[in-house]
Amino acid sequence: MTSPSKEHTMRTARLINPLRAAVAAAVLFVPAQAASAAPAPPAAAAESQTEVTVSPVDLDGPVIATVKVTVRNSAPQRLRSLKVSFAGPVGWAVQPSVQSVSGSFATGAPATATFHIQVPEKRSGFVIRTFTATATYQGGDGLGTATGVRTDRSGSPQANLAAAYNGVAITDESATTAGNYDGEGNSFSAQKLAAAGLTPGAKVEALGAGLTWPDVPAGTKDNVASAGQAVSLAGQGSRLVFLGSGVGSGATGKATVYYTDGTSTTGSFGFPNWSFDPVDAHGATLVASTDGRNRPDGYGNATVKYRVFANSIALDPSRTVEFVVLPANGNVHLFDMAIAS
Amino acid sequence: MPEIPEVSRRLVLGGTLATGALAVGLGSAASASAAPGSAAASLLTESAAPRRAAGQKSMVNVPFEPHETVRVGVIGLGNRGSGMTTGWSVIPGCVVTAVCDIRADRAKRTADGLVKAGKPRPVEFGGSDGSYAEMLKRDDIDLVYIATPWEFHYEQGRAALLAGKHVIVELPIATELDQLWDLVNTSERTRKNLMLSENCSYGRNELAMLKMGHEGVFGELTNGHGGYLHDLRALLFSDTYYTDSWRRLWHTRSTASFYPMHGLAPIAAAMDINRGDRMTTLTATATAPKGLADYRERFMPKSHPSWNETYINGDLVTCQIATANGRTIRAEHAVSAPRPYSRINSLVGSRGIFEDYAGTSTTDARVYFEPDHGGDTWRDFETYRKEFDHWLWKELGDEAENGGHGGMDYVLQWRTVQLMRAGLVPDIDVYDSASWCAPVPLSVKSLAAKGRPVEIPDFTRGSWVNLRMGLDSRTTEMPPVAP
């Protein structure tokens with residue numbers, strides 16, 4: 001299924017700047033300085049009078065697609081010395097990556113630049129493709145740069161986090177070989193987790209959210225090594241709470257929350273390593289601590305604590321969450337996520 | 001350096017370079033005399049790309065004219081040629097109309113075999129080194145397939161183009177730079193496609209690797225590694241496998257990467273060489289030649305003719321290639337020492353890596369990429385090959401499994417016939433063919449200059465900057481065959 005989300009992105013555009021939505025068709029207009037902030041302060045959007053739009057991209061690959069980027073100057077001063085760069089998802093070849101547009105452009109006058117992009121065969125599952133065009137210029141609104149982002153979606157998010165389980169974090173002490181939480185065949189002990197109150201389906205209250213411990217037997221898939229999966233989650237609240245822990249080092253990343261109105265916000269969070277980081281690393285909160293772990297050769301490391309944490313990101317409480325794109329970092333492991341009011 | 005007997009230029013890679021006379025042909029006098037240690041100054045430059053003759057135009061994106069039936073003429077009916085002749089004969093909409101070998105009995109035997117298999121009898125040519133030219137005069141040949149010893153590929157490929165045929169040539173299409181340029185020019189003048197018969201570019205793992213690269217799974221590609229690592233010693237010393245021991249004799253004449261294309265081409269395809277990037281410089285290294293002499297010492301009787309030979313090619317010849325977009329490719333050639341077979345096939349980007357020949361499950365390959373993977377632990381390729389399987393393998397996998405080289409030959413031949421019958425642009429064009437074969441003469445040049453980098457010509461004459469389709473093709477039906 002392809003849903004380039006013309007409707008989706010037009011609604012997005014209207015929310016940011018109703019007056020420009022009709023012109024910016026199918027394009028999320030983001031002033032450069034607010035491109036990664038969430039959500040953008042209305043005042044910053046109002047300052048920009050340079051509109052960058054990206055035409056629809058033929059995603060029925062493999063194909064070399066043509067993309068037109070339009071830059072429209074709404075400021076009273078003429079816009080000149082325009083350079084436009086364009087990029088697709090990482091690894092997608094673009095020709096050229098940047099080009100100069102000659103001339104100067106009066107109020108309302110559009111400037112266009114055409115690019116070619118190598119679009120691969122469409123992937124199954126839920127995919128978000130992001131295309132970014134950035135204009136640098138002199139004159140116009142005086143800001144010197146503006147960015148347009150086009151986001152196309154295809155497929156459907158996972159129904160829930162359990163549907164995205166991709167690894168075995170918990171094993172019985174009598175059968176440890178199925179586990180591989182850390183990439184080295186180690187896992188939590190089901191017995192020790194139970195002693196800490198974490199039995200299958202147990203309710204966990206953390207950071208104002210009601211979470212559920214994986215309700216699956218030991219030795220089966222029970223957690224998500226985070227890899228940018230999209231997972232459905234409905235509701236409203238002030239924070240999104242994650243339950244999990246880290247493996248390796250640097251178990252941090254950005255989660256993007258998409259709302260039913262087509263907008264999105266992004267927040268960063270992280271977990272300490274399940275055994276060796278300080279319990280408050282990355283601002284996390286300790287939920288449970290167990291003694292030892294299951295190794296491929298059986299229970300061991302009894303004097304070491306193996307832990308589960310909670311952490312959260314902010315939500316826009318005025319909007320209804322539709323789905324969440326998890327961090328693109330396999331060191332972040334999740335057992336559940338829920339909305340805190 | 002050992003004495004080298006006087007031989008024809010076509011039998012010695014790099015001409016006088018290979019014999020140690022370095023002064024001529026290395027490019028500008030300035031570069032040849034530059035002080036060592038200055039990378040820019042030490043680059044051995046080629047003269048600028050030759051200008052196209054009046055009326056001569058690029059063959060980039062030039063499709064075949066549609067053919068209802070593809071009529072194939074085969075030159076060279078040794079082990080490779082005879083096997084591939086059978087392969088051509090079973091592709092839907094393809095018929096072998098002529099076969100040729102300097103040994104006429106081979107032509108007859110091949111023709112008999114086709115008849116026995118229920119195919120039309122091809123016209124036989126043979127008996128002299130000019131027999132192929134007679135075959136090329138026929139007007140019932142659309143595609144000429146060449147599987148003769150390397151030294152004949154250039155003149156036979158060129159002659160086939162001039163006879164108005166499309167051509168597909170076993171590796172390499174030519175062994176000298178001027179020959180490669182001439183084939184490019186001849187293709188452009190005759191408006192006929194010339195393709196390297198690079199079957200490994202159609203390998204199942206290679207094509208899935210290519211598609212993963214295009215998807216961006218590995219991030220921005222930075223480097224790749226391929227090669228032809230095949231213990232050929234027993235075959236090289238066989239008195240029957242390579243006619244007149246032609247392949248072993250190359251090891252007595254030249255120090256070069258004779259045959260890196262099977263490993264180089266899939267990496268080049270994944271990096272869109274000639275389709276957005278291009279290979280710019282090559283640096284070669286070679287080990288001492290030890291393997292063949294050692295094998296002969298242990299296994300060949302003193303009466304064997306090989307005892308009159310001196311082997312000069314390195315057991316491992318490595319070409320380090322740089323590209324315009326800042327990538328590197330390492331292409332290896334090693335056929336003279338014991339080892340399990342490998343084409344290496346490694347592709348690396350900013351977010352991950354693919355490695356073939358890793359001994360994993362059914363695919364033999366492994367991957368590791370972010371964000372899907374962590375813990376510095378390889379993952380089996382099997383799941384990803386299913387997801388990124390090329391449509392040709394989804395379509396032909398069952399049929400291909402009975403073909404040569406794990407099915408790659410069948411896929412190559414099926415796709416070539418399909419491209420011609422449907423009137424499509426070749427996946428592998430004359431520019432790819434020339435670029436992938438250029439390391440053969442350029443390795444000679446770099447090695448003769450003690451490993452100095454050598455400029456790789458731009459056979460596209462500037463068109464490499466444009467993105468275009470190649471082996472990562474769209475699903476297409478084979479035109480139906482008339483009953």
# chains A, B, ... in the order shown; residues from 1 in each chain; ligands from 1
>>> residues_around(residues="Arg71 in chain B", least_positions_apart="4", cutoff="6 Å", atoms="only C-alpha atoms", output="list in words")
Cys94, Val95, Val96, Thr97, Ile141 and Asp142 of chain B
>>> closest_atom_pairs(of="chain A", to="chain B", cutoff="10 Å", atoms="only C-alpha atoms", output="tab-separated table")
residue	atom	partner	partner_atom	distance
A:Asp60	CA	B:Arg474	CA	9.7
A:Gly61	CA	B:Arg474	CA	7.5
A:Pro62	CA	B:Arg474	CA	6.0
A:Val63	CA	B:Met469	CA	7.0
A:Ile64	CA	B:Arg468	CA	6.3
A:Ala65	CA	B:Leu467	CA	9.6
A:Pro89	CA	B:Gly216	CA	7.3
A:Val90	CA	B:Gly216	CA	5.6
A:Gly91	CA	B:Gly216	CA	4.0
A:Trp92	CA	B:Gly216	CA	6.1
A:Ala93	CA	B:Gly276	CA	7.6
A:Val94	CA	B:Leu467	CA	7.8
A:Gln95	CA	B:Leu467	CA	6.7
A:Pro96	CA	B:Val465	CA	8.5
A:His116	CA	B:Leu467	CA	7.3
A:Ile117	CA	B:Leu467	CA	7.6
A:Gln118	CA	B:Leu467	CA	7.1
A:Val119	CA	B:His214	CA	7.7
A:Pro120	CA	B:Glu215	CA	5.4
A:Glu121	CA	B:Glu215	CA	7.5
A:Lys122	CA	B:Glu215	CA	8.8
A:Arg123	CA	B:Glu387	CA	8.1
A:Ser124	CA	B:Glu387	CA	8.2
A:Tyr181	CA	B:Gly375	CA	9.4
A:Asp182	CA	B:Gly375	CA	6.3
A:Gly183	CA	B:Gly375	CA	4.8
A:Glu184	CA	B:Gly375	CA	7.3
A:Ala225	CA	B:Asp372	CA	7.4
A:Ser226	CA	B:Asp372	CA	7.1
A:Ala227	CA	B:Pro371	CA	4.7
A:Gly228	CA	B:Pro371	CA	7.1
A:Gln229	CA	B:Asp372	CA	9.4
A:Val247	CA	B:Gly375	CA	7.5
A:Gly248	CA	B:Gly375	CA	6.2
A:Ser249	CA	B:Gly375	CA	9.3
A:Pro327	CA	B:Pro371	CA	8.2
A:Ala328	CA	B:Pro371	CA	4.7
A:Asn329	CA	B:Pro371	CA	4.7
A:Gly330	CA	B:Gly374	CA	5.2
A:Asn331	CA	B:Gly374	CA	5.9
A:Val332	CA	B:Gly374	CA	9.3
>>> write_last_selection(atoms="N, CA and C atoms", output="short mmCIF file (atom, residue, chain, number, x, y, z; two decimals), in the first residue's frame")
data_model
loop_
_atom_site.label_atom_id
_atom_site.label_comp_id
_atom_site.auth_asym_id
_atom_site.auth_seq_id
_atom_site.Cartn_x
_atom_site.Cartn_y
_atom_site.Cartn_z
N ASP A 60 7.45 3.83 -6.52
CA ASP A 60 7.25 2.50 -7.09
C ASP A 60 8.55 2.04 -7.74
N GLY A 61 9.58 1.84 -6.92
CA GLY A 61 10.88 1.48 -7.44
C GLY A 61 11.02 0.01 -7.76
N PRO A 62 12.17 -0.38 -8.30
CA PRO A 62 13.32 0.49 -8.54
C PRO A 62 13.08 1.40 -9.75
N VAL A 63 13.44 2.66 -9.55
CA VAL A 63 13.24 3.64 -10.61
C VAL A 63 14.14 4.84 -10.32
N ILE A 64 14.51 5.54 -11.36
CA ILE A 64 15.16 6.84 -11.18
C ILE A 64 14.05 7.87 -11.27
N ALA A 65 13.71 8.46 -10.14
CA ALA A 65 12.59 9.38 -10.07
C ALA A 65 13.07 10.82 -10.20
N PRO A 89 16.18 9.39 1.78
CA PRO A 89 16.64 8.51 2.87
C PRO A 89 18.11 8.16 2.70
N VAL A 90 18.77 7.84 3.78
CA VAL A 90 20.20 7.56 3.73
C VAL A 90 20.49 6.43 2.73
N GLY A 91 21.53 6.66 1.94
CA GLY A 91 21.94 5.66 0.97
C GLY A 91 21.28 5.78 -0.38
N TRP A 92 20.29 6.65 -0.52
CA TRP A 92 19.64 6.83 -1.82
C TRP A 92 20.43 7.88 -2.61
N ALA A 93 20.89 7.48 -3.78
CA ALA A 93 21.70 8.39 -4.59
C ALA A 93 20.83 9.51 -5.15
N VAL A 94 21.38 10.71 -5.14
CA VAL A 94 20.69 11.89 -5.67
C VAL A 94 21.62 12.57 -6.65
N GLN A 95 21.05 13.05 -7.72
CA GLN A 95 21.85 13.76 -8.71
C GLN A 95 21.14 15.03 -9.17
N PRO A 96 21.71 16.20 -9.06
CA PRO A 96 22.88 16.50 -8.22
C PRO A 96 22.42 16.65 -6.78
N HIS A 116 17.25 14.22 -9.50
CA HIS A 116 16.94 12.81 -9.76
C HIS A 116 17.35 12.00 -8.55
N ILE A 117 16.54 11.03 -8.22
CA ILE A 117 16.84 10.20 -7.06
C ILE A 117 16.61 8.73 -7.40
N GLN A 118 17.50 7.91 -6.90
CA GLN A 118 17.40 6.47 -7.15
C GLN A 118 16.49 5.87 -6.07
N VAL A 119 15.33 5.44 -6.49
CA VAL A 119 14.34 4.89 -5.56
C VAL A 119 14.41 3.36 -5.62
N PRO A 120 14.63 2.71 -4.48
CA PRO A 120 14.71 1.25 -4.50
C PRO A 120 13.32 0.62 -4.55
N GLU A 121 13.31 -0.69 -4.69
CA GLU A 121 12.05 -1.42 -4.67
C GLU A 121 11.34 -1.19 -3.34
N LYS A 122 10.03 -1.10 -3.42
CA LYS A 122 9.25 -0.81 -2.23
C LYS A 122 9.39 -1.94 -1.21
N ARG A 123 9.62 -1.58 0.05
CA ARG A 123 9.74 -2.59 1.11
C ARG A 123 8.38 -2.94 1.67
N SER A 124 8.28 -4.15 2.14
CA SER A 124 7.04 -4.52 2.82
C SER A 124 7.06 -3.93 4.22
N TYR A 181 19.69 -11.64 25.16
CA TYR A 181 19.30 -10.25 25.37
C TYR A 181 20.40 -9.30 24.91
N ASP A 182 21.63 -9.72 25.08
CA ASP A 182 22.76 -8.81 24.89
C ASP A 182 23.62 -9.14 23.68
N GLY A 183 23.15 -10.05 22.84
CA GLY A 183 23.95 -10.43 21.67
C GLY A 183 25.00 -11.47 21.99
N GLU A 184 25.09 -11.85 23.26
CA GLU A 184 26.08 -12.85 23.67
C GLU A 184 25.42 -14.05 24.32
N ALA A 225 14.23 -5.18 20.44
CA ALA A 225 15.48 -4.45 20.22
C ALA A 225 15.13 -3.36 19.22
N SER A 226 15.23 -2.14 19.66
CA SER A 226 14.66 -1.01 18.93
C SER A 226 15.42 -0.76 17.63
N ALA A 227 14.67 -0.69 16.55
CA ALA A 227 15.31 -0.53 15.24
C ALA A 227 14.45 0.35 14.34
N GLY A 228 13.82 1.35 14.91
CA GLY A 228 13.00 2.24 14.11
C GLY A 228 11.65 1.66 13.74
N GLN A 229 11.21 0.63 14.47
CA GLN A 229 9.90 0.06 14.17
C GLN A 229 8.79 1.07 14.48
N VAL A 247 21.60 -2.56 26.42
CA VAL A 247 22.73 -3.48 26.28
C VAL A 247 23.85 -2.70 25.60
N GLY A 248 25.05 -3.22 25.68
CA GLY A 248 26.18 -2.47 25.14
C GLY A 248 26.28 -1.14 25.84
N SER A 249 26.72 -0.16 25.11
CA SER A 249 26.80 1.18 25.68
C SER A 249 26.04 2.14 24.78
N PRO A 327 13.29 4.31 18.64
CA PRO A 327 14.64 4.78 18.28
C PRO A 327 15.34 3.80 17.35
N ALA A 328 16.19 4.32 16.52
CA ALA A 328 16.98 3.47 15.62
C ALA A 328 18.29 3.11 16.31
N ASN A 329 18.18 2.34 17.35
CA ASN A 329 19.36 1.93 18.12
C ASN A 329 19.06 0.59 18.77
N GLY A 330 19.69 -0.45 18.24
CA GLY A 330 19.42 -1.80 18.72
C GLY A 330 19.86 -2.05 20.15
N ASN A 331 20.59 -1.13 20.74
CA ASN A 331 20.98 -1.29 22.15
C ASN A 331 19.85 -0.93 23.10
N VAL A 332 18.82 -0.26 22.59
CA VAL A 332 17.65 0.07 23.40
C VAL A 332 16.67 -1.09 23.32
#
>>> select_by_dssp(residues="range 18-220 of chain A", states="strand (DSSP E or B)", output="ChimeraX atom specification")
/A:28-30,50-54,61,63-73,79-87,94-95,98-101,105,110-119,121,127-139,145-154,158,167,170-172,175,187-189,203-206,209-212
>>> closest_residue(among="A:Gly201, A:Gly167, A:Gly108, A:Gly140", to="Trp213 in chain A", atoms="only C-alpha atoms")
A:Gly201
>>> residues_around(residues="range 73-79 of chain A", least_positions_apart="3", cutoff="12 Å", atoms="only C-alpha atoms", output="JSON, numbers by chain")
{"A": [19, 20, 23, 46, 47, 48, 49, 50, 51, 52, 53, 70, 82, 83, 101, 102, 103, 104, 105, 106, 107, 108, 109, 110, 111, 112, 135, 136, 137, 138, 139, 140, 141, 142, 143, 144, 145, 146]}
>>> residues_around(residues="range 309-322 of chain A", least_positions_apart="2", cutoff="9 Å", atoms="only C-alpha atoms", output="PyMOL selection string")
chain A and resi 39+206-207+231-246+255+257-272+274+279+282-289+307+324+339+341
>>> residues_around(residues="Arg278 in chain B", least_positions_apart="4", cutoff="12 Å", atoms="only C-alpha atoms", output="JSON, numbers by chain")
{"B": [267, 268, 269, 270, 271, 272, 273, 274, 282, 321, 322, 323, 324, 325, 326, 327, 328, 329, 431, 432, 435, 436, 455, 456, 457, 458, 459, 460, 461, 462, 463, 464, 465, 466, 467]}
>>> residues_around(residues="Thr130 in chain A", least_positions_apart="6", cutoff="7 Å", atoms="only C-alpha atoms", output="ChimeraX atom specification")
/A:88-89,149-152
>>> write_last_selection(atoms="N, CA and C atoms", output="PDB file, in the first residue's frame")
ATOM      1  N   GLY A  88      17.353  12.339   0.028  1.00  0.00           N
ATOM      2  CA  GLY A  88      16.329  11.373   0.391  1.00  0.00           C
ATOM      3  C   GLY A  88      16.783  10.555   1.577  1.00  0.00           C
ATOM      4  N   PRO A  89      16.184   9.393   1.784  1.00  0.00           N
ATOM      5  CA  PRO A  89      16.636   8.509   2.869  1.00  0.00           C
ATOM      6  C   PRO A  89      18.112   8.161   2.701  1.00  0.00           C
ATOM      7  N   VAL A 149      10.297  19.610   4.061  1.00  0.00           N
ATOM      8  CA  VAL A 149      10.395  18.173   4.289  1.00  0.00           C
ATOM      9  C   VAL A 149       9.146  17.488   3.747  1.00  0.00           C
ATOM     10  N   ARG A 150       9.344  16.459   2.995  1.00  0.00           N
ATOM     11  CA  ARG A 150       8.223  15.656   2.531  1.00  0.00           C
ATOM     12  C   ARG A 150       8.333  14.278   3.166  1.00  0.00           C
ATOM     13  N   THR A 151       7.269  13.835   3.778  1.00  0.00           N
ATOM     14  CA  THR A 151       7.273  12.533   4.436  1.00  0.00           C
ATOM     15  C   THR A 151       6.194  11.662   3.815  1.00  0.00           C
ATOM     16  N   ASP A 152       6.602  10.536   3.287  1.00  0.00           N
ATOM     17  CA  ASP A 152       5.654   9.596   2.690  1.00  0.00           C
ATOM     18  C   ASP A 152       5.624   8.321   3.518  1.00  0.00           C
TER      19      ASP A 152
END
